[in-house]
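Report on one structure; see the data block that follows.
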Amino acid sequence: MRGADRKASRSRSTAIAAGLLALGVLVGCSSESPAPVTKPPYTVDSVRSGLVSPSDLGEGAIEIEDEGHSSHVIYTPPNSIPTCPYVQRSEDVEVTVEPAIEPVGGNPTGRTIVAPQIVGPSSLPVVTQGAVVFQSSSLVDDTMNAVVAEANKCPATFSVLGGPATVVGEYKVGSRSIEINGWKGFAQHLVHTSPPEVNPETYDDLVTVVVRKANAIIYVGYTQIKSVGKRADSEEKVKALMKTTLARLG
């Protein structure tokens, strides 16, 4: 989902909008699943046609290509698949964990961000997404296995002690398997809280979903900035969003 020092949650909001890898509230969605716009085997174009769109999030959302990721506070290669966001900034992780896996032999869609123009506790979420399409089942199997193995190494807790104020603090991580419309993978929930002297008002609620079907792997990061005291609910909301997205993909 995915810097400059901040003195308030407004600064935090700007940094997150620009820098999260893994980053909608589902507004006005019918209870019926949308008709598929494509089906396996997938191509780069057909997968892109079914990913999260601004209309899925609601009024005020825009979509941009994430082309400047090298300047973000949590860099990962633009065609990689996330496995453990923010871990590369930690100083206390005992086992080496890669924050993302670069697939071999796949055709990436590129990374896009769907988000409101101003991000904060009362705004729509930030969605960061992409996919990789493969020509053979062995390549997609090997890549998904590598992503799952690396994600399983992500520690349950870790800290970031230095760096931009937007990433300093404590991180708690949990993961569970997920299956929607034949797409199978995992949903990883990360909660980031800042030291009280840095930001006592808000925390980051991030869920990263990585799923595979046929010859494609899709990832979607969904982040909300929540006011302290408010319940973390990104996992529920991203599942509702993914039901719409994955139904379109057939």
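Just remember, in the structure tokens the first chain shown is A, the second B, etc., residues are 1-based per chain, and ligands are 1-based in the order shown.
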
Subject >> region 7-205 of chain A: residues DSSP assigns to alpha helix (DSSP H), reported as a PyMOL selection string >> reply: chain A and resi 9-19+44-50+54-57+137-152

Which residues are near Phe158 (chain A)? Cut-off 8 Å, only C-alpha atoms, ignore same chain within fewer than 2 positions. Put them as a PDB file with N, CA, C and O atoms, in the first residue's frame.
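What landed in part_1.pdb:
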```
ATOM      1  N   VAL A  87       8.152  -4.953   6.180  1.00  0.00           N
ATOM      2  CA  VAL A  87       9.151  -5.715   6.929  1.00  0.00           C
ATOM      3  C   VAL A  87      10.562  -5.262   6.591  1.00  0.00           C
ATOM      4  O   VAL A  87      11.482  -5.382   7.414  1.00  0.00           O
ATOM      5  N   SER A  90      12.138  -2.963   9.142  1.00  0.00           N
ATOM      6  CA  SER A  90      12.271  -3.393  10.534  1.00  0.00           C
ATOM      7  C   SER A  90      13.711  -3.723  10.891  1.00  0.00           C
ATOM      8  O   SER A  90      14.468  -4.248  10.073  1.00  0.00           O
ATOM      9  N   ASP A  92      14.206  -5.516  13.922  1.00  0.00           N
ATOM     10  CA  ASP A  92      14.176  -6.583  14.930  1.00  0.00           C
ATOM     11  C   ASP A  92      13.615  -7.903  14.407  1.00  0.00           C
ATOM     12  O   ASP A  92      13.255  -8.780  15.193  1.00  0.00           O
ATOM     13  N   VAL A  93      13.557  -8.080  13.088  1.00  0.00           N
ATOM     14  CA  VAL A  93      13.097  -9.352  12.527  1.00  0.00           C
ATOM     15  C   VAL A  93      14.259 -10.346  12.557  1.00  0.00           C
ATOM     16  O   VAL A  93      15.343 -10.065  12.041  1.00  0.00           O
ATOM     17  N   PRO A 155       6.650 -12.211  10.284  1.00  0.00           N
ATOM     18  CA  PRO A 155       6.490 -12.354  11.743  1.00  0.00           C
ATOM     19  C   PRO A 155       5.144 -11.809  12.216  1.00  0.00           C
ATOM     20  O   PRO A 155       4.571 -10.906  11.623  1.00  0.00           O
ATOM     21  N   ALA A 156       4.667 -12.365  13.324  1.00  0.00           N
ATOM     22  CA  ALA A 156       3.389 -11.925  13.898  1.00  0.00           C
ATOM     23  C   ALA A 156       3.475 -10.503  14.433  1.00  0.00           C
ATOM     24  O   ALA A 156       2.471  -9.780  14.449  1.00  0.00           O
ATOM     25  N   VAL A 160       9.414  -0.934  13.692  1.00  0.00           N
ATOM     26  CA  VAL A 160      10.262  -0.055  12.892  1.00  0.00           C
ATOM     27  C   VAL A 160      10.642   1.104  13.805  1.00  0.00           C
ATOM     28  O   VAL A 160       9.791   1.869  14.246  1.00  0.00           O
ATOM     29  N   GLU A 170       4.790   0.022  15.814  1.00  0.00           N
ATOM     30  CA  GLU A 170       4.607  -1.405  16.016  1.00  0.00           C
ATOM     31  C   GLU A 170       3.668  -1.978  14.957  1.00  0.00           C
ATOM     32  O   GLU A 170       2.678  -1.349  14.579  1.00  0.00           O
ATOM     33  N   TYR A 171       3.982  -3.200  14.518  1.00  0.00           N
ATOM     34  CA  TYR A 171       3.206  -3.880  13.485  1.00  0.00           C
ATOM     35  C   TYR A 171       2.747  -5.235  14.006  1.00  0.00           C
ATOM     36  O   TYR A 171       3.542  -5.988  14.567  1.00  0.00           O
ATOM     37  N   LYS A 172       1.479  -5.528  13.802  1.00  0.00           N
ATOM     38  CA  LYS A 172       0.925  -6.842  14.127  1.00  0.00           C
ATOM     39  C   LYS A 172       0.331  -7.449  12.863  1.00  0.00           C
ATOM     40  O   LYS A 172      -0.400  -6.776  12.129  1.00  0.00           O
TER      41      LYS A 172
END
```

Original post:
Which is closer to Lys213 (chain A) than all the others in A:Asn181, A:Thr109, A:Thr193, A:Ser227, using only C-alpha atoms?
Top reply: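 Among the listed residues, the smallest separation from Lys213 (chain A) belongs to A:Asn181.
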
**OP:** Please measure the separation of CA of Asn215 (chain A) and CA of Lys39 (chain A), giving the value in Å to one decimal.
**Re:**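 Between these atoms lies a distance of 10.7 Å.
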
**OP:** Please identify all polymer residues within 10 Å of Gly110 (chain A), counting only C-alpha atoms, omitting same-chain residues fewer than 4 positions from it, and present them as JSON, numbers by chain.
**Re:** {"A": [44, 48, 65, 66, 67, 78, 79, 80, 129, 130, 131, 132]}

**OP:** Would you list, as a PyMOL selection string, the residues of region 1-245 of chain A that end up in strand (DSSP E) under DSSP run on this structure's backbone?
**Re:** chain A and resi 61-65+81-82+100-101+106-108+112-116+126-134+157-160+169-180+183-193+202-213+216-227

**OP:** Fewer than 5 positions away in the same chain doesn't count, so skip those; otherwise give me all residues within 8 Å of Glu235 (chain A), counting only C-alpha atoms, as a ChimeraX atom specification.
**Re:** /A:187,189,207

Subject >> Å distance separating CA of Val47 (chain A) from CA of Leu249 (chain A), one decimal place >> reply: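 Between CA of Val47 (chain A) and CA of Leu249 (chain A) the gap works out to 6.8 Å.
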
Subject >> Shell around Glu201 (chain A) at 10 Å using only C-alpha atoms, local window under 3 positions removed, as a list in words >> reply: Ala8, Ser9, Pro121, Thr193, Ser194, Pro196, Val198, Ile225, Lys226, Ser227, Val228 and Gly229 of chain A

Subject >> Contact residues around Ile178 (chain A) with only C-alpha atoms at 9 Å, ignoring same-chain residues under 4 positions, as a ChimeraX atom specification >> reply: /A:183-187,209-211,239

Original post:
Which one is closest to Pro40 (chain A): A:Ala214, A:Arg231, A:Gly221, A:Lys237? Count only C-alpha atoms.
Top reply: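 That would be A:Ala214, the residue with the smallest distance to Pro40 (chain A).
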
Original post:
Using only C-alpha atoms, which residue out of A:Glu236, A:Asn199, A:Cys84, A:Asp56 lies closest to Gly174 (chain A)?
Top reply: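 Checking each candidate against Gly174 (chain A), we get A:Cys84 as the closest.
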
Original post:
Suppose you want the space between CA of Ile101 (chain A) and CA of Ile81 (chain A); what is it in Å?
Top reply: 5.2 Å

Original post:
Residues at most 9 Å from Ser123 (chain A), counting only C-alpha atoms, excluding those fewer than 5 positions away in the same chain, as an MDAnalysis selection string?
Top reply: chainID A and resid 116 118 224:225

Subject >> Distance criterion (only C-alpha atoms): nearest to Ala149 (chain A) out of A:Pro200, A:Gly162, A:Pro82, A:Pro195 >> reply: A:Pro82
